[in-house]
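Engineer: This is the structure I want to talk about, given as structure tokens.
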Amino acid sequence: AAYNWEAMRAEGHKVVDFIFDYQKQLCDMAIPCQSEVQPNYLRERIPSVDPPSLPGSFSDVLGDVKEHIVPGMTHWQHPNFFAFFPAMLSPPALLGDTLANAFNQPGFNWVASPAATELEVIVTNWLTSAFGLPKEFNWDGSGGCVLQPSATESAIVLMLAAKNRALSSFETVEEKEAVVGKLVAYVTDQSHFCIEKAAKVLSIFHFRKLATKQCSQTGNAALQPEVLIQAVEEDTAAGRIPFFVSCNFGATGICAVDPIAELGAVCAARGIWFNVDAAYAGVTAVCPEYRDAFSQPVGTYADSFLINGSKWFSMMFNSSFMFFRDKKHIVSSLNATGVYLSNAHTENNLVVDFKDYHLGLGRPFRALK
């Protein structure tokens with residue numbers, strides 16, 4: 001279609017003005033934090049069966065957004081919002097995301113968008129350095145980092161890689177089929193639901209939520225190494241195969257922090273994939289004084305970990321940092337191709353193709369924000 005881009009210029013200015021007026025209203029607390037609407041309120045205001053037969057003006061549409069959509073929103077950026085978890089926005093991230101949407105780059109392999117691919121590699125290498133992590137988690141090392149849509153997608157990818165690494169020790173398809181139902185994953189009773197959801201997506205039938213011990217002085221609820229050891233030994237004795245452990249560095253409920261080094265040593269001694277869910281508090285590692293608690297044990301023991309940029313980094317949704325120590329386990333689990341994707345750069349192993357690191361094919365230009 002031939003769009004009128006000059007008309008859009010004026011309409012775009014209206015949207016920018018609306019966005020910044022809305023943010024100012026939030027800062028001034030001129031609108032309530034939580035919506036007062038009732039279920040199905042929007043069906044009574046907007047035709048819900050047939051779409052409009054004629055187009056409306058952009059001004060009318062923006063007016064509908066102000067009148068019908070904004071009052072029906074829970075305003076996560078409101079100063080009085082303290083529910084769930086932070087999902088913060090910053091002007092630079094918003095503008096970067098706007099540019100990314102305007103460019104509309106699918107970015108599934110290097111050829112599809114060299115700039116999108118290479119900027120993500122550079123930016124995630126910056127993150128590795130900023131968090132004081134060893135080179136193994138850098139694209140120039142054995143691993144890397146990928147900007148995922150959320151912690152849930154990250155968890156699914158990482159658990160899949162762990163599953164396939166565990167199955168790789170069996171030679172034949174028949175052997176793999178015989179043991180795949182014996183795999184066991186472990187989390188704590190403080191863990192975010194994303195790890196459990198990953199287990200459900202991947203049909204991991206043995207999923208253990210291990211009890212934590214709450215400290216009367218600090219309130220922290222941490223998983224004790226002896227609890228993990230006992231669970232692993234019991235499952236092993238029963239003929240099952242422990243393959244994945246995920247501990248916490250700032251869990252959603254009470255910001256629980258587990259003893260990463262001690263739990264990591266348990267997993268390392270038994271060949272179990274060790275993941276650290278640091279979605280909330282992992283960003284503290286940008287401060288050198290906090291690296292002893294996070295970067296040092298993670299750098300020593302973790303096979304993978306995840307941090308959300310949507311929280312303390314104020315990068316909005318669609319910005320989960322998925323770090324991994326060895327990229328071969330990720331790629332072997334997700335690589336699929338076709339003649340329409342073939343190119344000399346990929347075939348000569350000269351580039352990163354991000355389609356091999358996440359669940360879908362296309363992906364947005366996340367690195368700009």
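Residue names in the structure tokens use chain letters A, B, ... in the order shown, residue numbers from 1 in each chain, and ligand numbers from 1 in the order shown.
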If we count only C-alpha atoms and set the cut-off at 10 Å, which residues sit around range 139-141 of chain A, ignoring sequence neighbours fewer than 3 positions away in its own chain? Please answer as a short mmCIF file (atom, residue, chain, number, x, y, z; two decimals) with N, CA, C and O atoms, in the first residue's frame.

Structural biologist:
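Everything below was put into selection20.cif:
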```cif
data_model
loop_
_atom_site.label_atom_id
_atom_site.label_comp_id
_atom_site.auth_asym_id
_atom_site.auth_seq_id
_atom_site.Cartn_x
_atom_site.Cartn_y
_atom_site.Cartn_z
N VAL A 121 25.42 -8.53 19.63
CA VAL A 121 26.65 -9.17 20.09
C VAL A 121 27.50 -8.17 20.89
O VAL A 121 28.01 -8.49 21.98
N ILE A 122 27.64 -6.96 20.38
CA ILE A 122 28.45 -5.94 21.05
C ILE A 122 27.84 -5.56 22.39
O ILE A 122 28.52 -5.51 23.42
N THR A 124 25.68 -7.16 24.31
CA THR A 124 25.70 -8.22 25.32
C THR A 124 27.12 -8.49 25.82
O THR A 124 27.31 -8.90 26.97
N ASN A 125 28.11 -8.27 24.97
CA ASN A 125 29.49 -8.32 25.47
C ASN A 125 29.75 -7.21 26.49
O ASN A 125 30.47 -7.40 27.47
N THR A 128 28.44 -8.44 29.76
CA THR A 128 29.35 -9.37 30.40
C THR A 128 30.44 -8.63 31.16
O THR A 128 30.78 -8.97 32.29
N PRO A 134 33.42 -13.67 33.75
CA PRO A 134 34.55 -14.20 33.00
C PRO A 134 34.25 -14.29 31.50
O PRO A 134 33.09 -14.23 31.07
N LYS A 135 35.29 -14.44 30.72
CA LYS A 135 35.16 -14.41 29.26
C LYS A 135 34.32 -15.56 28.72
O LYS A 135 33.83 -15.48 27.60
N GLU A 136 34.13 -16.62 29.50
CA GLU A 136 33.30 -17.73 29.02
C GLU A 136 31.89 -17.28 28.66
O GLU A 136 31.23 -17.90 27.82
N GLY A 144 27.98 -16.85 25.61
CA GLY A 144 27.43 -15.61 25.08
C GLY A 144 26.22 -15.19 25.87
O GLY A 144 25.93 -15.71 26.95
N CYS A 145 25.50 -14.21 25.33
CA CYS A 145 24.28 -13.70 25.94
C CYS A 145 23.33 -13.30 24.83
O CYS A 145 23.74 -12.75 23.81
N VAL A 146 22.05 -13.59 25.03
CA VAL A 146 21.02 -13.27 24.05
C VAL A 146 19.92 -12.46 24.73
O VAL A 146 19.55 -12.74 25.87
N PHE A 324 24.89 -17.83 28.90
CA PHE A 324 25.20 -19.25 28.90
C PHE A 324 26.71 -19.43 28.73
O PHE A 324 27.38 -18.65 28.06
N ARG A 325 27.21 -20.49 29.36
CA ARG A 325 28.65 -20.73 29.37
C ARG A 325 29.14 -21.40 28.09
O ARG A 325 30.27 -21.17 27.65
N ASP A 326 28.30 -22.25 27.48
CA ASP A 326 28.73 -23.00 26.30
C ASP A 326 27.64 -22.96 25.25
O ASP A 326 26.60 -23.59 25.39
N LYS A 327 27.87 -22.20 24.19
CA LYS A 327 26.85 -21.98 23.18
C LYS A 327 26.48 -23.23 22.40
O LYS A 327 25.38 -23.32 21.85
N VAL A 352 27.06 -14.87 13.86
CA VAL A 352 26.06 -15.39 14.79
C VAL A 352 24.70 -15.31 14.11
O VAL A 352 24.34 -14.26 13.55
#
```

Engineer: Could you give me, as a PyMOL selection string, the residues within 7 Å of Thr212 in chain A, counting only C-alpha atoms and dropping anything in the same chain fewer than 4 positions from it?

Structural biologist: chain A and resi 188-189+221-224

Engineer: With only C-alpha atoms counted and 10 Å as the cut-off, give the residues of range 112-213 of chain A in contact with range 273-285 of chain A, each with its shortest interatomic distance in Å and the pair that gives it, as a Markdown table.

Structural biologist:
```
| residue | atom | partner | partner_atom | distance |
| --- | --- | --- | --- | --- |
| A:Leu127 | CA | A:Val283 | CA | 9.6 |
| A:Ala130 | CA | A:Ala285 | CA | 7.7 |
| A:Phe131 | CA | A:Ala285 | CA | 4.9 |
| A:Gly132 | CA | A:Ala285 | CA | 7.1 |
| A:Leu133 | CA | A:Ala285 | CA | 9.1 |
| A:Ser150 | CA | A:Ala279 | CA | 9.4 |
| A:Ala151 | CA | A:Ala279 | CA | 7.0 |
| A:Ser154 | CA | A:Asp277 | CA | 10.0 |
| A:Ala155 | CA | A:Asp277 | CA | 8.7 |
| A:Leu158 | CA | A:Asn275 | CA | 8.1 |
| A:Met159 | CA | A:Trp273 | CA | 8.5 |
| A:Ala161 | CA | A:Trp273 | CA | 9.1 |
| A:Ala162 | CA | A:Trp273 | CA | 5.9 |
| A:Lys163 | CA | A:Trp273 | CA | 8.8 |
| A:Arg165 | CA | A:Trp273 | CA | 8.6 |
| A:Ala166 | CA | A:Trp273 | CA | 8.6 |
| A:Ala185 | CA | A:Trp273 | CA | 9.4 |
| A:Tyr186 | CA | A:Phe274 | CA | 9.9 |
| A:Val187 | CA | A:Asn275 | CA | 9.8 |
| A:Ser191 | CA | A:Asp277 | CA | 8.1 |
| A:His192 | CA | A:Asp277 | CA | 8.3 |
| A:Cys194 | CA | A:Asp277 | CA | 9.6 |
| A:Ile195 | CA | A:Asp277 | CA | 8.8 |
```

Engineer: Step one, run DSSP on the backbone; step two, keep only residues of range 178-231 of chain A assigned to strand (DSSP E or B); then write them as a list in words.

Structural biologist: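 Put together, the selection reads Leu183, Val184, Ala185, Tyr186, Val187, Thr188, His206, Phe207, Arg208, Lys209, Leu210, Lys213, Gln214, Ala221 and Ala222 of chain A.
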
Engineer: Could the residues in this selection be written to a file with N, CA, C and O atoms, as a PDB file, in the first residue's frame?

Structural biologist:
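Output (selection-v7.pdb):
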```pdb
ATOM      1  N   LEU A 183      14.115 -37.848  33.728  1.00  0.00           N
ATOM      2  CA  LEU A 183      14.832 -36.618  34.045  1.00  0.00           C
ATOM      3  C   LEU A 183      14.144 -35.851  35.176  1.00  0.00           C
ATOM      4  O   LEU A 183      12.915 -35.793  35.245  1.00  0.00           O
ATOM      5  N   VAL A 184      14.948 -35.237  36.041  1.00  0.00           N
ATOM      6  CA  VAL A 184      14.430 -34.506  37.196  1.00  0.00           C
ATOM      7  C   VAL A 184      15.015 -33.097  37.224  1.00  0.00           C
ATOM      8  O   VAL A 184      16.224 -32.911  37.069  1.00  0.00           O
ATOM      9  N   ALA A 185      14.132 -32.110  37.425  1.00  0.00           N
ATOM     10  CA  ALA A 185      14.552 -30.717  37.585  1.00  0.00           C
ATOM     11  C   ALA A 185      14.210 -30.256  38.997  1.00  0.00           C
ATOM     12  O   ALA A 185      13.204 -30.688  39.580  1.00  0.00           O
ATOM     13  N   TYR A 186      15.044 -29.352  39.534  1.00  0.00           N
ATOM     14  CA  TYR A 186      14.880 -28.892  40.910  1.00  0.00           C
ATOM     15  C   TYR A 186      14.849 -27.363  40.965  1.00  0.00           C
ATOM     16  O   TYR A 186      15.660 -26.691  40.320  1.00  0.00           O
ATOM     17  N   VAL A 187      13.915 -26.845  41.757  1.00  0.00           N
ATOM     18  CA  VAL A 187      13.873 -25.422  42.085  1.00  0.00           C
ATOM     19  C   VAL A 187      13.616 -25.323  43.586  1.00  0.00           C
ATOM     20  O   VAL A 187      13.543 -26.333  44.286  1.00  0.00           O
ATOM     21  N   THR A 188      13.439 -24.110  44.086  1.00  0.00           N
ATOM     22  CA  THR A 188      13.093 -23.946  45.493  1.00  0.00           C
ATOM     23  C   THR A 188      11.637 -23.494  45.597  1.00  0.00           C
ATOM     24  O   THR A 188      11.011 -23.112  44.598  1.00  0.00           O
ATOM     25  N   HIS A 206       9.209 -35.018  36.321  1.00  0.00           N
ATOM     26  CA  HIS A 206       9.707 -34.996  37.699  1.00  0.00           C
ATOM     27  C   HIS A 206      10.263 -33.603  37.992  1.00  0.00           C
ATOM     28  O   HIS A 206      11.366 -33.252  37.568  1.00  0.00           O
ATOM     29  N   PHE A 207       9.470 -32.822  38.690  1.00  0.00           N
ATOM     30  CA  PHE A 207       9.813 -31.431  38.979  1.00  0.00           C
ATOM     31  C   PHE A 207       9.712 -31.230  40.477  1.00  0.00           C
ATOM     32  O   PHE A 207       8.639 -31.352  41.070  1.00  0.00           O
ATOM     33  N   ARG A 208      10.826 -30.945  41.126  1.00  0.00           N
ATOM     34  CA  ARG A 208      10.886 -30.877  42.577  1.00  0.00           C
ATOM     35  C   ARG A 208      10.994 -29.424  43.055  1.00  0.00           C
ATOM     36  O   ARG A 208      11.886 -28.687  42.637  1.00  0.00           O
ATOM     37  N   LYS A 209      10.087 -29.048  43.952  1.00  0.00           N
ATOM     38  CA  LYS A 209      10.186 -27.765  44.643  1.00  0.00           C
ATOM     39  C   LYS A 209      10.731 -28.034  46.040  1.00  0.00           C
ATOM     40  O   LYS A 209      10.019 -28.572  46.899  1.00  0.00           O
ATOM     41  N   LEU A 210      11.977 -27.681  46.256  1.00  0.00           N
ATOM     42  CA  LEU A 210      12.637 -28.000  47.514  1.00  0.00           C
ATOM     43  C   LEU A 210      12.399 -26.907  48.552  1.00  0.00           C
ATOM     44  O   LEU A 210      12.417 -25.714  48.238  1.00  0.00           O
ATOM     45  N   LYS A 213      14.882 -22.677  53.964  1.00  0.00           N
ATOM     46  CA  LYS A 213      14.923 -22.398  55.403  1.00  0.00           C
ATOM     47  C   LYS A 213      15.031 -20.893  55.590  1.00  0.00           C
ATOM     48  O   LYS A 213      15.964 -20.261  55.099  1.00  0.00           O
ATOM     49  N   GLN A 214      14.048 -20.326  56.290  1.00  0.00           N
ATOM     50  CA  GLN A 214      14.038 -18.877  56.470  1.00  0.00           C
ATOM     51  C   GLN A 214      14.858 -18.477  57.689  1.00  0.00           C
ATOM     52  O   GLN A 214      14.720 -19.057  58.772  1.00  0.00           O
ATOM     53  N   ALA A 221      15.044 -16.623  52.653  1.00  0.00           N
ATOM     54  CA  ALA A 221      14.632 -18.030  52.582  1.00  0.00           C
ATOM     55  C   ALA A 221      15.491 -18.716  51.529  1.00  0.00           C
ATOM     56  O   ALA A 221      15.215 -18.635  50.332  1.00  0.00           O
ATOM     57  N   ALA A 222      16.545 -19.372  51.984  1.00  0.00           N
ATOM     58  CA  ALA A 222      17.537 -19.948  51.080  1.00  0.00           C
ATOM     59  C   ALA A 222      17.460 -21.470  51.069  1.00  0.00           C
ATOM     60  O   ALA A 222      17.114 -22.104  52.067  1.00  0.00           O
TER      61      ALA A 222
END
```

Engineer: Of the candidates A:Tyr357, A:Ile260, A:Val201, A:Arg43, which shows the shortest atom-to-atom distance to Gln296 in chain A, using only C-alpha atoms?

Structural biologist: A:Ile260

Engineer: Leaving out range 314-321 of chain A and any residue of its chain fewer than 3 positions from it, which residues lie within 10 Å of it when counting only C-alpha atoms, given as a ChimeraX atom specification?

Structural biologist: /A:86-94,96-97,124,127,145-154,278-279,305-311,324,364,366-367,369

Engineer: Include N, CA, C and O atoms and write out the residues we just selected as a compact mmCIF listing (two decimals), in the first residue's frame.

Structural biologist:
```txt
# COMPACT_ATOMS: atom_id res chain seq x y z
N PRO A 86 8.86 -4.90 39.47
CA PRO A 86 9.05 -3.70 38.66
C PRO A 86 9.05 -4.03 37.17
O PRO A 86 9.54 -5.08 36.76
N ALA A 87 8.49 -3.16 36.39
CA ALA A 87 8.55 -3.27 34.93
C ALA A 87 8.77 -1.86 34.40
O ALA A 87 7.85 -1.22 33.89
N MET A 88 9.97 -1.40 34.56
CA MET A 88 10.25 0.02 34.43
C MET A 88 10.54 0.45 32.99
O MET A 88 11.01 -0.32 32.17
N LEU A 89 10.25 1.73 32.76
CA LEU A 89 10.46 2.36 31.45
C LEU A 89 11.36 3.57 31.65
O LEU A 89 11.28 4.26 32.66
N SER A 90 12.22 3.81 30.67
CA SER A 90 13.05 5.02 30.68
C SER A 90 12.95 5.68 29.31
O SER A 90 12.73 5.00 28.30
N PRO A 91 13.11 7.00 29.23
CA PRO A 91 13.04 7.67 27.93
C PRO A 91 14.00 7.10 26.89
O PRO A 91 13.60 6.87 25.74
N PRO A 92 15.29 6.84 27.22
CA PRO A 92 16.17 6.28 26.19
C PRO A 92 15.70 4.93 25.66
O PRO A 92 15.77 4.66 24.44
N ALA A 93 15.22 4.05 26.57
CA ALA A 93 14.75 2.74 26.12
C ALA A 93 13.51 2.88 25.24
O ALA A 93 13.37 2.17 24.23
N LEU A 94 12.62 3.78 25.62
CA LEU A 94 11.41 3.99 24.83
C LEU A 94 11.75 4.50 23.43
O LEU A 94 11.21 4.01 22.43
N GLY A 96 14.65 4.16 21.88
CA GLY A 96 15.34 3.11 21.16
C GLY A 96 14.38 2.07 20.62
O GLY A 96 14.53 1.59 19.48
N ASP A 97 13.38 1.71 21.42
CA ASP A 97 12.38 0.75 20.98
C ASP A 97 11.55 1.31 19.83
O ASP A 97 11.15 0.58 18.92
N THR A 124 25.68 -7.16 24.31
CA THR A 124 25.70 -8.22 25.32
C THR A 124 27.12 -8.49 25.82
O THR A 124 27.31 -8.90 26.97
N LEU A 127 27.53 -6.10 28.51
CA LEU A 127 26.90 -6.56 29.75
C LEU A 127 27.80 -7.53 30.50
O LEU A 127 27.92 -7.46 31.73
N CYS A 145 25.50 -14.21 25.33
CA CYS A 145 24.28 -13.70 25.94
C CYS A 145 23.33 -13.30 24.83
O CYS A 145 23.74 -12.75 23.81
N VAL A 146 22.05 -13.59 25.03
CA VAL A 146 21.02 -13.27 24.05
C VAL A 146 19.92 -12.46 24.73
O VAL A 146 19.55 -12.74 25.87
N LEU A 147 19.42 -11.45 24.05
CA LEU A 147 18.30 -10.66 24.56
C LEU A 147 17.00 -11.37 24.20
O LEU A 147 16.60 -11.42 23.04
N GLN A 148 16.35 -11.95 25.20
CA GLN A 148 15.13 -12.72 25.01
C GLN A 148 13.90 -11.88 25.36
O GLN A 148 14.01 -10.85 26.05
N PRO A 149 12.71 -12.32 24.93
CA PRO A 149 11.49 -11.57 25.26
C PRO A 149 11.22 -11.49 26.75
O PRO A 149 10.76 -10.48 27.26
N SER A 150 11.45 -12.58 27.47
CA SER A 150 11.17 -12.61 28.90
C SER A 150 11.98 -13.72 29.56
O SER A 150 12.60 -14.54 28.89
N ALA A 151 11.92 -13.76 30.90
CA ALA A 151 12.61 -14.80 31.64
C ALA A 151 12.03 -16.18 31.32
O ALA A 151 12.74 -17.18 31.38
N THR A 152 10.75 -16.24 30.97
CA THR A 152 10.13 -17.54 30.67
C THR A 152 10.73 -18.16 29.41
O THR A 152 11.08 -19.34 29.40
N GLU A 153 10.84 -17.36 28.34
CA GLU A 153 11.49 -17.90 27.13
C GLU A 153 12.93 -18.30 27.42
O GLU A 153 13.41 -19.32 26.92
N SER A 154 13.62 -17.49 28.22
CA SER A 154 14.99 -17.85 28.59
C SER A 154 15.02 -19.18 29.32
O SER A 154 15.86 -20.05 29.03
N ALA A 278 18.46 -14.79 38.26
CA ALA A 278 18.80 -13.49 38.86
C ALA A 278 18.02 -12.38 38.17
O ALA A 278 18.51 -11.25 38.02
N ALA A 279 16.81 -12.70 37.73
CA ALA A 279 16.01 -11.76 36.94
C ALA A 279 15.85 -10.43 37.66
O ALA A 279 15.91 -9.37 37.04
N PHE A 305 22.55 -18.25 33.42
CA PHE A 305 21.80 -17.41 34.35
C PHE A 305 21.04 -16.37 33.54
O PHE A 305 21.32 -16.14 32.36
N LEU A 306 20.05 -15.78 34.17
CA LEU A 306 19.24 -14.79 33.47
C LEU A 306 19.01 -13.57 34.36
O LEU A 306 18.88 -13.67 35.58
N ILE A 307 18.99 -12.41 33.71
CA ILE A 307 18.76 -11.13 34.36
C ILE A 307 17.77 -10.35 33.50
O ILE A 307 17.88 -10.35 32.28
N ASN A 308 16.81 -9.70 34.13
CA ASN A 308 15.84 -8.91 33.37
C ASN A 308 16.24 -7.45 33.29
O ASN A 308 16.46 -6.80 34.32
N GLY A 309 16.31 -6.93 32.07
CA GLY A 309 16.57 -5.51 31.89
C GLY A 309 15.36 -4.65 32.15
O GLY A 309 15.46 -3.43 32.24
N SER A 310 14.18 -5.29 32.28
CA SER A 310 12.94 -4.54 32.47
C SER A 310 12.76 -4.06 33.90
O SER A 310 11.82 -3.32 34.19
N LYS A 311 13.64 -4.47 34.80
CA LYS A 311 13.50 -4.08 36.19
C LYS A 311 14.44 -2.90 36.49
O LYS A 311 14.17 -1.79 36.08
N PHE A 324 24.89 -17.83 28.90
CA PHE A 324 25.20 -19.25 28.90
C PHE A 324 26.71 -19.43 28.73
O PHE A 324 27.38 -18.65 28.06
N PRO A 364 12.84 -8.94 17.21
CA PRO A 364 13.00 -7.49 17.05
C PRO A 364 14.44 -7.04 17.30
O PRO A 364 15.27 -7.80 17.82
N ARG A 366 16.26 -5.62 19.50
CA ARG A 366 16.22 -5.27 20.92
C ARG A 366 17.44 -4.46 21.37
O ARG A 366 17.36 -3.68 22.30
N ALA A 367 18.57 -4.65 20.71
CA ALA A 367 19.80 -4.03 21.20
C ALA A 367 19.75 -2.51 21.13
O ALA A 367 20.51 -1.84 21.84
N LYS A 369 17.64 -0.53 22.32
CA LYS A 369 17.20 0.11 23.57
C LYS A 369 18.12 -0.19 24.73
O LYS A 369 17.90 0.35 25.82
```

Engineer: Name the residues in contact with His78 in chain A at a cut-off of 12 Å, using only C-alpha atoms, excluding same-chain residues fewer than 4 positions from it; report them as a PyMOL selection string.

Structural biologist: chain A and resi 22-35+73-74+82-83+86-89

Engineer: Would you output that residue set with N, CA, C and O atoms, as a PDB file, in the first residue's frame?

Structural biologist:
```pdb
ATOM      1  N   TYR A  22       1.152  11.632  29.051  1.00  0.00           N
ATOM      2  CA  TYR A  22       0.740  10.500  29.898  1.00  0.00           C
ATOM      3  C   TYR A  22       1.770  10.246  30.996  1.00  0.00           C
ATOM      4  O   TYR A  22       1.419  10.069  32.161  1.00  0.00           O
ATOM      5  N   GLN A  23       3.047  10.239  30.643  1.00  0.00           N
ATOM      6  CA  GLN A  23       4.089  10.020  31.638  1.00  0.00           C
ATOM      7  C   GLN A  23       4.091  11.134  32.692  1.00  0.00           C
ATOM      8  O   GLN A  23       4.311  10.875  33.886  1.00  0.00           O
ATOM      9  N   LYS A  24       3.836  12.371  32.270  1.00  0.00           N
ATOM     10  CA  LYS A  24       3.775  13.462  33.238  1.00  0.00           C
ATOM     11  C   LYS A  24       2.594  13.299  34.175  1.00  0.00           C
ATOM     12  O   LYS A  24       2.685  13.574  35.378  1.00  0.00           O
ATOM     13  N   GLN A  25       1.461  12.822  33.629  1.00  0.00           N
ATOM     14  CA  GLN A  25       0.301  12.562  34.491  1.00  0.00           C
ATOM     15  C   GLN A  25       0.628  11.518  35.552  1.00  0.00           C
ATOM     16  O   GLN A  25       0.198  11.635  36.702  1.00  0.00           O
ATOM     17  N   LEU A  26       1.391  10.500  35.155  1.00  0.00           N
ATOM     18  CA  LEU A  26       1.784   9.477  36.119  1.00  0.00           C
ATOM     19  C   LEU A  26       2.676  10.087  37.205  1.00  0.00           C
ATOM     20  O   LEU A  26       2.471   9.847  38.404  1.00  0.00           O
ATOM     21  N   CYS A  27       3.671  10.840  36.782  1.00  0.00           N
ATOM     22  CA  CYS A  27       4.591  11.458  37.757  1.00  0.00           C
ATOM     23  C   CYS A  27       3.844  12.375  38.718  1.00  0.00           C
ATOM     24  O   CYS A  27       4.175  12.437  39.917  1.00  0.00           O
ATOM     25  N   ASP A  28       2.843  13.091  38.204  1.00  0.00           N
ATOM     26  CA  ASP A  28       2.065  14.014  39.041  1.00  0.00           C
ATOM     27  C   ASP A  28       0.947  13.295  39.789  1.00  0.00           C
ATOM     28  O   ASP A  28       0.201  13.944  40.549  1.00  0.00           O
ATOM     29  N   MET A  29       0.809  11.977  39.555  1.00  0.00           N
ATOM     30  CA  MET A  29      -0.267  11.171  40.148  1.00  0.00           C
ATOM     31  C   MET A  29      -1.638  11.774  39.858  1.00  0.00           C
ATOM     32  O   MET A  29      -2.531  11.807  40.715  1.00  0.00           O
ATOM     33  N   ALA A  30      -1.791  12.262  38.619  1.00  0.00           N
ATOM     34  CA  ALA A  30      -3.052  12.864  38.202  1.00  0.00           C
ATOM     35  C   ALA A  30      -4.089  11.818  37.813  1.00  0.00           C
ATOM     36  O   ALA A  30      -5.273  12.153  37.645  1.00  0.00           O
ATOM     37  N   ILE A  31      -3.668  10.582  37.651  1.00  0.00           N
ATOM     38  CA  ILE A  31      -4.588   9.485  37.365  1.00  0.00           C
ATOM     39  C   ILE A  31      -4.338   8.389  38.392  1.00  0.00           C
ATOM     40  O   ILE A  31      -3.229   8.260  38.912  1.00  0.00           O
ATOM     41  N   PRO A  32      -5.360   7.600  38.719  1.00  0.00           N
ATOM     42  CA  PRO A  32      -5.183   6.557  39.746  1.00  0.00           C
ATOM     43  C   PRO A  32      -4.278   5.442  39.256  1.00  0.00           C
ATOM     44  O   PRO A  32      -4.195   5.163  38.050  1.00  0.00           O
ATOM     45  N   CYS A  33      -3.608   4.802  40.186  1.00  0.00           N
ATOM     46  CA  CYS A  33      -2.685   3.722  39.843  1.00  0.00           C
ATOM     47  C   CYS A  33      -3.425   2.513  39.274  1.00  0.00           C
ATOM     48  O   CYS A  33      -3.018   1.934  38.267  1.00  0.00           O
ATOM     49  N   GLN A  34      -4.533   2.141  39.900  1.00  0.00           N
ATOM     50  CA  GLN A  34      -5.274   0.949  39.488  1.00  0.00           C
ATOM     51  C   GLN A  34      -6.596   1.330  38.850  1.00  0.00           C
ATOM     52  O   GLN A  34      -7.308   2.220  39.329  1.00  0.00           O
ATOM     53  N   SER A  35      -6.922   0.644  37.773  1.00  0.00           N
ATOM     54  CA  SER A  35      -8.172   0.909  37.080  1.00  0.00           C
ATOM     55  C   SER A  35      -9.368   0.530  37.947  1.00  0.00           C
ATOM     56  O   SER A  35      -9.308  -0.399  38.753  1.00  0.00           O
ATOM     57  N   MET A  73      -6.481   0.674  32.220  1.00  0.00           N
ATOM     58  CA  MET A  73      -5.133   0.155  32.414  1.00  0.00           C
ATOM     59  C   MET A  73      -4.727   0.192  33.882  1.00  0.00           C
ATOM     60  O   MET A  73      -5.116   1.097  34.622  1.00  0.00           O
ATOM     61  N   THR A  74      -3.936  -0.807  34.292  1.00  0.00           N
ATOM     62  CA  THR A  74      -3.192  -0.723  35.546  1.00  0.00           C
ATOM     63  C   THR A  74      -1.866  -0.057  35.207  1.00  0.00           C
ATOM     64  O   THR A  74      -1.129  -0.540  34.348  1.00  0.00           O
ATOM     65  N   PHE A  82       3.214  -0.872  43.486  1.00  0.00           N
ATOM     66  CA  PHE A  82       4.152  -1.720  44.221  1.00  0.00           C
ATOM     67  C   PHE A  82       3.810  -3.207  44.080  1.00  0.00           C
ATOM     68  O   PHE A  82       4.285  -4.033  44.864  1.00  0.00           O
ATOM     69  N   ALA A  83       2.979  -3.571  43.114  1.00  0.00           N
ATOM     70  CA  ALA A  83       2.533  -4.963  42.977  1.00  0.00           C
ATOM     71  C   ALA A  83       3.486  -5.766  42.087  1.00  0.00           C
ATOM     72  O   ALA A  83       4.291  -5.207  41.337  1.00  0.00           O
ATOM     73  N   PRO A  86       8.858  -4.905  39.474  1.00  0.00           N
ATOM     74  CA  PRO A  86       9.046  -3.695  38.663  1.00  0.00           C
ATOM     75  C   PRO A  86       9.054  -4.034  37.168  1.00  0.00           C
ATOM     76  O   PRO A  86       9.542  -5.076  36.756  1.00  0.00           O
ATOM     77  N   ALA A  87       8.488  -3.156  36.390  1.00  0.00           N
ATOM     78  CA  ALA A  87       8.548  -3.267  34.930  1.00  0.00           C
ATOM     79  C   ALA A  87       8.766  -1.861  34.398  1.00  0.00           C
ATOM     80  O   ALA A  87       7.849  -1.225  33.893  1.00  0.00           O
ATOM     81  N   MET A  88       9.975  -1.400  34.557  1.00  0.00           N
ATOM     82  CA  MET A  88      10.249   0.021  34.428  1.00  0.00           C
ATOM     83  C   MET A  88      10.539   0.448  32.990  1.00  0.00           C
ATOM     84  O   MET A  88      11.012  -0.324  32.170  1.00  0.00           O
ATOM     85  N   LEU A  89      10.246   1.726  32.757  1.00  0.00           N
ATOM     86  CA  LEU A  89      10.463   2.359  31.453  1.00  0.00           C
ATOM     87  C   LEU A  89      11.362   3.566  31.650  1.00  0.00           C
ATOM     88  O   LEU A  89      11.278   4.257  32.662  1.00  0.00           O
TER      89      LEU A  89
END
```

Engineer: Looking at only C-alpha atoms, which of A:Val65, A:Asn138, A:Gly219, A:Ile241 is the one that sits closest to Ile254 in chain A?

Structural biologist: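 Under the stated criterion, the closest residue is A:Gly219.
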
Engineer: Check the smallest atom-to-atom distance from each of A:Phe244, A:Phe365, A:Trp5, A:Phe249 to Val123 in chain A using only C-alpha atoms, then report the winner.

Structural biologist: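 Using only C-alpha atoms, Val123 in chain A sits closest to A:Phe365.
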
Engineer: Mind checking DSSP for range 119-274 of chain A and telling me the helix (DSSP H, G or I) residues as JSON, numbers by chain?

Structural biologist: {"A": [119, 120, 121, 122, 123, 124, 125, 126, 127, 128, 129, 130, 135, 136, 137, 151, 152, 153, 154, 155, 156, 157, 158, 159, 160, 161, 162, 163, 164, 165, 166, 167, 173, 174, 175, 176, 177, 178, 179, 180, 181, 182, 193, 194, 195, 196, 197, 198, 199, 200, 201, 225, 226, 227, 228, 229, 230, 231, 232, 233, 234, 235, 236, 237, 260, 261, 262, 263, 264, 265, 266, 267, 268, 269, 270]}

Engineer: What is the CA of Cys247 in chain A-CA of Ser332 in chain A distance in Å, reported with one decimal?

Structural biologist: 24.6 Å
